[in-house]
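Raw contents of work_26.cif, mmCIF, N, CA and C atoms:
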```cif
data_query
loop_
_atom_site.label_atom_id
_atom_site.label_comp_id
_atom_site.auth_asym_id
_atom_site.auth_seq_id
_atom_site.Cartn_x
_atom_site.Cartn_y
_atom_site.Cartn_z
N MET A 76 0.82 -1.19 0.00
CA MET A 76 0.00 0.00 0.00
C MET A 76 0.87 1.26 0.00
N VAL A 77 2.01 1.21 0.68
CA VAL A 77 2.91 2.36 0.74
C VAL A 77 3.44 2.68 -0.65
N TRP A 78 3.83 1.67 -1.37
CA TRP A 78 4.38 1.86 -2.71
C TRP A 78 3.34 2.57 -3.61
N TRP A 79 2.11 2.07 -3.58
CA TRP A 79 1.06 2.65 -4.42
C TRP A 79 0.74 4.08 -4.00
N SER A 80 0.70 4.34 -2.71
CA SER A 80 0.42 5.69 -2.22
C SER A 80 1.49 6.68 -2.68
N LEU A 81 2.75 6.28 -2.55
CA LEU A 81 3.84 7.13 -3.00
C LEU A 81 3.77 7.37 -4.51
N TRP A 82 3.52 6.31 -5.24
CA TRP A 82 3.47 6.43 -6.70
C TRP A 82 2.38 7.39 -7.14
N VAL A 83 1.17 7.25 -6.58
CA VAL A 83 0.06 8.14 -6.94
C VAL A 83 0.40 9.58 -6.55
N ALA A 84 0.99 9.77 -5.36
CA ALA A 84 1.33 11.12 -4.92
C ALA A 84 2.34 11.77 -5.86
N PHE A 85 3.35 11.04 -6.27
CA PHE A 85 4.34 11.59 -7.19
C PHE A 85 3.74 11.86 -8.57
N LEU A 86 2.84 10.99 -9.02
CA LEU A 86 2.22 11.17 -10.33
C LEU A 86 1.33 12.41 -10.34
N VAL A 87 0.57 12.60 -9.29
CA VAL A 87 -0.29 13.78 -9.19
C VAL A 87 0.56 15.04 -9.02
N ALA A 88 1.66 14.93 -8.33
CA ALA A 88 2.53 16.08 -8.09
C ALA A 88 3.07 16.65 -9.40
N ILE A 89 3.33 15.80 -10.38
CA ILE A 89 3.83 16.28 -11.67
C ILE A 89 2.83 17.26 -12.28
N GLY A 90 1.56 16.90 -12.27
CA GLY A 90 0.54 17.79 -12.81
C GLY A 90 0.41 19.07 -12.01
N CYS A 91 0.52 18.97 -10.69
CA CYS A 91 0.45 20.16 -9.84
C CYS A 91 1.63 21.09 -10.09
N TYR A 92 2.82 20.53 -10.22
CA TYR A 92 4.00 21.35 -10.51
C TYR A 92 3.79 22.12 -11.82
N TYR A 93 3.34 21.40 -12.83
CA TYR A 93 3.16 22.01 -14.14
C TYR A 93 2.11 23.11 -14.08
N GLN A 94 1.02 22.84 -13.39
CA GLN A 94 -0.07 23.81 -13.33
C GLN A 94 0.29 25.04 -12.50
N PHE A 95 0.84 24.83 -11.33
CA PHE A 95 1.03 25.93 -10.39
C PHE A 95 2.38 26.63 -10.48
N LEU A 96 3.34 26.03 -11.14
CA LEU A 96 4.65 26.68 -11.27
C LEU A 96 4.84 27.33 -12.63
N GLY A 97 3.78 27.50 -13.36
CA GLY A 97 3.87 28.28 -14.59
C GLY A 97 3.72 27.52 -15.87
N GLY A 98 3.44 26.26 -15.82
CA GLY A 98 3.32 25.50 -17.05
C GLY A 98 2.10 25.86 -17.87
N ALA A 99 1.03 26.31 -17.22
CA ALA A 99 -0.20 26.64 -17.93
C ALA A 99 -0.22 28.10 -18.38
N GLN A 100 0.76 28.88 -17.98
CA GLN A 100 0.81 30.28 -18.39
C GLN A 100 1.23 30.38 -19.85
N ALA A 101 0.93 31.52 -20.42
CA ALA A 101 1.30 31.74 -21.81
C ALA A 101 2.81 31.79 -21.96
N GLN A 102 3.28 31.43 -23.13
CA GLN A 102 4.72 31.47 -23.41
C GLN A 102 5.22 32.90 -23.29
N SER A 103 6.42 33.07 -22.80
CA SER A 103 7.00 34.40 -22.70
C SER A 103 7.42 34.89 -24.09
N ALA A 104 7.85 36.12 -24.16
CA ALA A 104 8.21 36.71 -25.45
C ALA A 104 9.63 36.37 -25.87
N THR A 105 10.28 35.44 -25.19
CA THR A 105 11.63 35.06 -25.56
C THR A 105 11.60 34.29 -26.88
N PRO A 106 12.58 34.51 -27.71
CA PRO A 106 12.58 33.81 -29.00
C PRO A 106 12.80 32.31 -28.81
N VAL A 107 12.16 31.54 -29.66
CA VAL A 107 12.30 30.09 -29.60
C VAL A 107 13.60 29.71 -30.30
N SER A 108 14.41 28.96 -29.61
CA SER A 108 15.69 28.56 -30.16
C SER A 108 15.56 27.20 -30.83
N ASN A 109 16.26 27.02 -31.92
CA ASN A 109 16.26 25.74 -32.61
C ASN A 109 17.37 24.84 -32.09
N SER A 110 17.98 25.23 -31.01
CA SER A 110 19.06 24.47 -30.41
C SER A 110 18.53 23.15 -29.85
N SER A 111 19.36 22.17 -29.90
CA SER A 111 18.99 20.88 -29.32
C SER A 111 19.56 20.72 -27.92
N ALA A 112 19.96 21.80 -27.30
CA ALA A 112 20.51 21.74 -25.94
C ALA A 112 19.47 21.27 -24.94
N TRP A 113 18.19 21.45 -25.25
CA TRP A 113 17.14 21.03 -24.33
C TRP A 113 17.13 19.51 -24.14
N LEU A 114 17.74 18.78 -25.07
CA LEU A 114 17.80 17.32 -24.92
C LEU A 114 18.57 16.90 -23.68
N ALA A 115 19.39 17.82 -23.15
CA ALA A 115 20.07 17.54 -21.88
C ALA A 115 19.06 17.38 -20.75
N GLY A 116 17.88 17.94 -20.92
CA GLY A 116 16.82 17.78 -19.93
C GLY A 116 16.30 16.36 -19.83
N LEU A 117 16.63 15.53 -20.80
CA LEU A 117 16.21 14.13 -20.78
C LEU A 117 17.20 13.22 -20.05
N ALA A 118 18.36 13.75 -19.68
CA ALA A 118 19.37 12.95 -18.97
C ALA A 118 18.84 12.37 -17.66
N PRO A 119 18.13 13.16 -16.83
CA PRO A 119 17.59 12.56 -15.61
C PRO A 119 16.57 11.46 -15.90
N LEU A 120 15.84 11.61 -17.00
CA LEU A 120 14.88 10.57 -17.37
C LEU A 120 15.61 9.28 -17.73
N LEU A 121 16.72 9.40 -18.41
CA LEU A 121 17.52 8.22 -18.74
C LEU A 121 18.00 7.52 -17.47
N LEU A 122 18.46 8.29 -16.50
CA LEU A 122 18.86 7.70 -15.21
C LEU A 122 17.69 7.01 -14.54
N SER A 123 16.52 7.62 -14.63
CA SER A 123 15.32 7.04 -14.05
C SER A 123 14.98 5.70 -14.70
N VAL A 124 15.08 5.65 -16.01
CA VAL A 124 14.80 4.41 -16.74
C VAL A 124 15.79 3.32 -16.34
N LEU A 125 17.07 3.69 -16.22
CA LEU A 125 18.07 2.70 -15.81
C LEU A 125 17.79 2.17 -14.41
N ILE A 126 17.39 3.05 -13.51
CA ILE A 126 17.06 2.60 -12.15
C ILE A 126 15.87 1.66 -12.18
N ARG A 127 14.85 2.03 -12.93
CA ARG A 127 13.62 1.21 -12.94
C ARG A 127 13.85 -0.17 -13.55
N TRP A 128 14.57 -0.24 -14.65
CA TRP A 128 14.64 -1.51 -15.37
C TRP A 128 15.92 -2.30 -15.13
N LEU A 129 16.94 -1.69 -14.51
CA LEU A 129 18.16 -2.44 -14.22
C LEU A 129 18.42 -2.60 -12.73
N VAL A 130 18.19 -1.56 -11.96
CA VAL A 130 18.53 -1.61 -10.54
C VAL A 130 17.41 -2.22 -9.71
N LEU A 131 16.18 -1.75 -9.89
CA LEU A 131 15.07 -2.26 -9.08
C LEU A 131 14.84 -3.77 -9.20
N PRO A 132 14.89 -4.35 -10.39
CA PRO A 132 14.69 -5.81 -10.45
C PRO A 132 15.76 -6.61 -9.71
N ARG A 133 16.92 -6.01 -9.48
CA ARG A 133 18.00 -6.73 -8.79
C ARG A 133 18.02 -6.48 -7.30
N SER A 134 17.18 -5.60 -6.82
CA SER A 134 17.11 -5.31 -5.38
C SER A 134 16.28 -6.38 -4.69
N HIS A 135 16.87 -7.00 -3.69
CA HIS A 135 16.17 -8.09 -3.00
C HIS A 135 15.58 -7.65 -1.67
N ALA A 136 16.09 -6.61 -1.07
CA ALA A 136 15.56 -6.11 0.21
C ALA A 136 14.54 -5.00 -0.05
N ALA A 137 13.45 -5.04 0.67
CA ALA A 137 12.37 -4.07 0.48
C ALA A 137 12.83 -2.65 0.78
N GLN A 138 13.62 -2.46 1.83
CA GLN A 138 14.08 -1.12 2.19
C GLN A 138 14.95 -0.51 1.10
N LEU A 139 15.85 -1.28 0.56
CA LEU A 139 16.72 -0.80 -0.51
C LEU A 139 15.91 -0.54 -1.79
N ALA A 140 15.00 -1.42 -2.09
CA ALA A 140 14.17 -1.24 -3.28
C ALA A 140 13.30 0.01 -3.17
N LEU A 141 12.76 0.27 -1.98
CA LEU A 141 11.94 1.47 -1.79
C LEU A 141 12.78 2.73 -1.95
N ALA A 142 14.00 2.70 -1.47
CA ALA A 142 14.89 3.85 -1.64
C ALA A 142 15.18 4.08 -3.12
N TRP A 143 15.47 3.03 -3.88
CA TRP A 143 15.72 3.17 -5.31
C TRP A 143 14.46 3.63 -6.04
N PHE A 144 13.31 3.17 -5.58
CA PHE A 144 12.03 3.57 -6.14
C PHE A 144 11.85 5.09 -6.03
N VAL A 145 12.09 5.64 -4.87
CA VAL A 145 11.93 7.08 -4.64
C VAL A 145 12.99 7.87 -5.42
N ILE A 146 14.22 7.38 -5.43
CA ILE A 146 15.29 8.06 -6.17
C ILE A 146 14.98 8.07 -7.67
N GLY A 147 14.52 6.96 -8.19
CA GLY A 147 14.18 6.89 -9.61
C GLY A 147 13.05 7.83 -9.98
N ILE A 148 12.02 7.89 -9.14
CA ILE A 148 10.92 8.81 -9.40
C ILE A 148 11.40 10.25 -9.32
N ALA A 149 12.28 10.54 -8.38
CA ALA A 149 12.81 11.90 -8.26
C ALA A 149 13.56 12.31 -9.52
N PHE A 150 14.34 11.41 -10.08
CA PHE A 150 15.02 11.72 -11.34
C PHE A 150 14.02 11.99 -12.46
N ALA A 151 12.94 11.22 -12.50
CA ALA A 151 11.92 11.44 -13.52
C ALA A 151 11.25 12.80 -13.35
N GLU A 152 11.04 13.22 -12.11
CA GLU A 152 10.40 14.51 -11.85
C GLU A 152 11.30 15.69 -12.22
N VAL A 153 12.59 15.49 -12.20
CA VAL A 153 13.52 16.57 -12.55
C VAL A 153 13.26 17.08 -13.97
N CYS A 154 12.84 16.21 -14.86
CA CYS A 154 12.54 16.63 -16.24
C CYS A 154 11.48 17.73 -16.25
N CYS A 155 10.47 17.60 -15.43
CA CYS A 155 9.42 18.61 -15.37
C CYS A 155 9.98 19.95 -14.92
N PHE A 156 10.81 19.93 -13.88
CA PHE A 156 11.41 21.17 -13.39
C PHE A 156 12.35 21.79 -14.42
N LEU A 157 13.10 20.98 -15.11
CA LEU A 157 13.98 21.51 -16.15
C LEU A 157 13.18 22.18 -17.26
N GLY A 158 12.04 21.60 -17.60
CA GLY A 158 11.18 22.21 -18.60
C GLY A 158 10.57 23.52 -18.14
N LEU A 159 10.22 23.59 -16.88
CA LEU A 159 9.59 24.81 -16.36
C LEU A 159 10.58 25.96 -16.19
N PHE A 160 11.79 25.64 -15.76
CA PHE A 160 12.72 26.70 -15.37
C PHE A 160 13.92 26.89 -16.31
N ILE A 161 14.41 25.85 -16.92
CA ILE A 161 15.62 25.95 -17.74
C ILE A 161 15.30 25.97 -19.24
N PHE A 162 14.38 25.12 -19.67
CA PHE A 162 14.04 25.01 -21.09
C PHE A 162 12.54 25.26 -21.30
N PRO A 163 12.09 26.49 -21.08
CA PRO A 163 10.64 26.76 -21.15
C PRO A 163 10.04 26.55 -22.55
N ALA A 164 10.84 26.64 -23.59
CA ALA A 164 10.31 26.41 -24.93
C ALA A 164 9.91 24.95 -25.13
N GLN A 165 10.47 24.06 -24.35
CA GLN A 165 10.20 22.63 -24.47
C GLN A 165 9.49 22.07 -23.23
N LYS A 166 8.83 22.95 -22.47
CA LYS A 166 8.26 22.51 -21.20
C LYS A 166 7.17 21.46 -21.36
N GLN A 167 6.41 21.50 -22.44
CA GLN A 167 5.36 20.50 -22.62
C GLN A 167 5.94 19.12 -22.89
N VAL A 168 6.98 19.08 -23.71
CA VAL A 168 7.63 17.80 -24.00
C VAL A 168 8.27 17.23 -22.74
N LEU A 169 8.97 18.07 -22.01
CA LEU A 169 9.63 17.60 -20.80
C LEU A 169 8.62 17.23 -19.72
N PHE A 170 7.49 17.91 -19.67
CA PHE A 170 6.42 17.53 -18.75
C PHE A 170 5.90 16.14 -19.10
N ALA A 171 5.64 15.92 -20.37
CA ALA A 171 5.13 14.62 -20.80
C ALA A 171 6.13 13.50 -20.52
N MET A 172 7.40 13.77 -20.77
CA MET A 172 8.43 12.76 -20.51
C MET A 172 8.54 12.49 -19.01
N SER A 173 8.40 13.52 -18.21
CA SER A 173 8.44 13.36 -16.77
C SER A 173 7.27 12.50 -16.30
N PHE A 174 6.10 12.75 -16.85
CA PHE A 174 4.91 11.96 -16.50
C PHE A 174 5.12 10.49 -16.87
N VAL A 175 5.62 10.25 -18.07
CA VAL A 175 5.89 8.87 -18.50
C VAL A 175 6.95 8.23 -17.60
N GLY A 176 7.96 9.01 -17.22
CA GLY A 176 9.01 8.49 -16.35
C GLY A 176 8.49 8.07 -14.99
N VAL A 177 7.58 8.83 -14.42
CA VAL A 177 6.99 8.45 -13.14
C VAL A 177 6.03 7.28 -13.34
N PHE A 178 5.29 7.31 -14.44
CA PHE A 178 4.32 6.25 -14.71
C PHE A 178 4.98 4.87 -14.81
N GLN A 179 6.19 4.82 -15.34
CA GLN A 179 6.88 3.54 -15.49
C GLN A 179 7.18 2.88 -14.14
N PHE A 180 7.14 3.66 -13.08
CA PHE A 180 7.41 3.11 -11.75
C PHE A 180 6.17 2.52 -11.08
N MET A 181 5.10 2.28 -11.85
CA MET A 181 3.90 1.68 -11.28
C MET A 181 4.31 0.44 -10.49
N PRO A 182 4.00 0.41 -9.22
CA PRO A 182 4.57 -0.65 -8.35
C PRO A 182 3.88 -2.00 -8.45
N ILE A 183 3.68 -2.51 -9.63
CA ILE A 183 3.12 -3.85 -9.78
C ILE A 183 4.14 -4.91 -9.33
N PHE A 184 5.39 -4.52 -9.27
CA PHE A 184 6.46 -5.42 -8.85
C PHE A 184 6.61 -5.49 -7.33
N ALA A 185 5.96 -4.61 -6.60
CA ALA A 185 6.18 -4.47 -5.16
C ALA A 185 5.66 -5.66 -4.35
N SER A 186 4.80 -6.47 -4.95
CA SER A 186 4.26 -7.60 -4.20
C SER A 186 5.32 -8.63 -3.84
N ARG A 187 6.41 -8.64 -4.55
CA ARG A 187 7.47 -9.61 -4.22
C ARG A 187 8.20 -9.24 -2.94
N TYR A 188 8.03 -7.99 -2.46
CA TYR A 188 8.65 -7.56 -1.22
C TYR A 188 7.73 -7.72 -0.02
N ALA A 189 6.50 -8.19 -0.25
CA ALA A 189 5.53 -8.35 0.84
C ALA A 189 6.00 -9.47 1.79
N ALA A 190 5.77 -9.24 3.05
CA ALA A 190 6.15 -10.25 4.06
C ALA A 190 5.26 -11.47 3.89
N LYS A 191 5.89 -12.60 3.97
CA LYS A 191 5.14 -13.86 3.78
C LYS A 191 4.99 -14.57 5.10
#
```
Let's see the structure in the file written out as structure tokens.
Amino acid sequence: MVWWSLWVAFLVAIGCYYQFLGGAQAQSATPVSNSSAWLAGLAPLLLSVLIRWLVLPRSHAAQLALAWFVIGIAFAEVCCFLGLFIFPAQKQVLFAMSFVGVFQFMPIFASRYAAK
């Protein structure tokens, strides 16, 4: 139940961050750059994916797995913040990637850590 509660809270938080920290506001008058530097905003998402699909399946202790779970979700959430504050021209893409990054942590795997 803890895993699911945390996951839902983090998933809802992404939408709240986007809504209340300026994601729904109109674009500023800054010129849109054709630079691909915003792709650096996907680096935390890549770390999140590695944690979810390589580290978590190898964690055998529930406490360690829960710590990796929270760390991985935090990396996924960083994409949203990078879109809001560093790369505002790409904030919608980074918001969507952040949402997908948190969504991948759906704790369907957490039952293996349940006490028997």
> Phe178 (chain A): which residues within 8 Å, counting all atoms listed in the file, same-chain residues fewer than 5 positions away excluded, as a ChimeraX atom specification?
Replying inline: /A:82,85-86,148,151,172-173
>> as a PyMOL selection string, please: every residue in region 82-186 of chain A that DSSP puts in alpha helix (DSSP H).
In response: chain A and resi 82-93+118-125+137-160+166-178
> Using only C-alpha atoms, which residues sit within 9 Å of region 132-139 of chain A once same-chain residues fewer than 3 positions away are excluded, as a PyMOL selection string?
Replying inline: chain A and resi 126-129+142-144+184-185+187-189
> Distance atom N of Leu117 (chain A)-atom N of Pro182 (chain A), one decimal place?
Replying inline: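 Separation between atom N of Leu117 (chain A) and atom N of Pro182 (chain A): 22.9 Å.
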> Interatomic distance between CA of Ser111 (chain A) and CA of Gly176 (chain A)?
Replying inline: 20.5 Å
> What separation in Å, quoted to one decimal, exists between CA of Ser80 (chain A) and CA of Gly158 (chain A)?
Replying inline: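 Here the two named atoms are 25.6 Å from each other.
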Applied to the shown file, which residues does the PyMOL selection byres ((chain A and resi 155) around 8) return, written as a CSV table (one decimal) with N, CA and C atoms, in the coordinates of the input?
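File selection34.csv, as written:
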```
chain,number,residue,atom,x,y,z
A,89,ILE,N,3.3,15.8,-10.4
A,89,ILE,CA,3.8,16.3,-11.7
A,89,ILE,C,2.8,17.3,-12.3
A,92,TYR,N,2.8,20.5,-10.2
A,92,TYR,CA,4.0,21.4,-10.5
A,92,TYR,C,3.8,22.1,-11.8
A,93,TYR,N,3.3,21.4,-12.8
A,93,TYR,CA,3.2,22.0,-14.1
A,93,TYR,C,2.1,23.1,-14.1
A,116,GLY,N,17.9,17.9,-20.9
A,116,GLY,CA,16.8,17.8,-19.9
A,116,GLY,C,16.3,16.4,-19.8
A,150,PHE,N,14.3,11.4,-10.1
A,150,PHE,CA,15.0,11.7,-11.3
A,150,PHE,C,14.0,12.0,-12.5
A,151,ALA,N,12.9,11.2,-12.5
A,151,ALA,CA,11.9,11.4,-13.5
A,151,ALA,C,11.2,12.8,-13.4
A,152,GLU,N,11.0,13.2,-12.1
A,152,GLU,CA,10.4,14.5,-11.8
A,152,GLU,C,11.3,15.7,-12.2
A,153,VAL,N,12.6,15.5,-12.2
A,153,VAL,CA,13.5,16.6,-12.6
A,153,VAL,C,13.3,17.1,-14.0
A,154,CYS,N,12.8,16.2,-14.9
A,154,CYS,CA,12.5,16.6,-16.2
A,154,CYS,C,11.5,17.7,-16.2
A,156,PHE,N,10.8,19.9,-13.9
A,156,PHE,CA,11.4,21.2,-13.4
A,156,PHE,C,12.4,21.8,-14.4
A,157,LEU,N,13.1,21.0,-15.1
A,157,LEU,CA,14.0,21.5,-16.2
A,157,LEU,C,13.2,22.2,-17.3
A,158,GLY,N,12.0,21.6,-17.6
A,158,GLY,CA,11.2,22.2,-18.6
A,158,GLY,C,10.6,23.5,-18.1
A,159,LEU,N,10.2,23.6,-16.9
A,159,LEU,CA,9.6,24.8,-16.4
A,159,LEU,C,10.6,26.0,-16.2
A,160,PHE,N,11.8,25.6,-15.8
A,160,PHE,CA,12.7,26.7,-15.4
A,160,PHE,C,13.9,26.9,-16.3
A,161,ILE,N,14.4,25.8,-16.9
A,161,ILE,CA,15.6,26.0,-17.7
A,161,ILE,C,15.3,26.0,-19.2
A,166,LYS,N,8.8,23.0,-22.5
A,166,LYS,CA,8.3,22.5,-21.2
A,166,LYS,C,7.2,21.5,-21.4
A,168,VAL,N,7.0,19.1,-23.7
A,168,VAL,CA,7.6,17.8,-24.0
A,168,VAL,C,8.3,17.2,-22.7
A,169,LEU,N,9.0,18.1,-22.0
A,169,LEU,CA,9.6,17.6,-20.8
A,169,LEU,C,8.6,17.2,-19.7
A,170,PHE,N,7.5,17.9,-19.7
A,170,PHE,CA,6.4,17.5,-18.8
A,170,PHE,C,5.9,16.1,-19.1
A,171,ALA,N,5.6,15.9,-20.4
A,171,ALA,CA,5.1,14.6,-20.8
A,171,ALA,C,6.1,13.5,-20.5
A,172,MET,N,7.4,13.8,-20.8
A,172,MET,CA,8.4,12.8,-20.5
A,172,MET,C,8.5,12.5,-19.0
A,173,SER,N,8.4,13.5,-18.2
A,173,SER,CA,8.4,13.4,-16.8
A,173,SER,C,7.3,12.5,-16.3
A,174,PHE,N,6.1,12.8,-16.8
A,174,PHE,CA,4.9,12.0,-16.5
A,174,PHE,C,5.1,10.5,-16.9
```
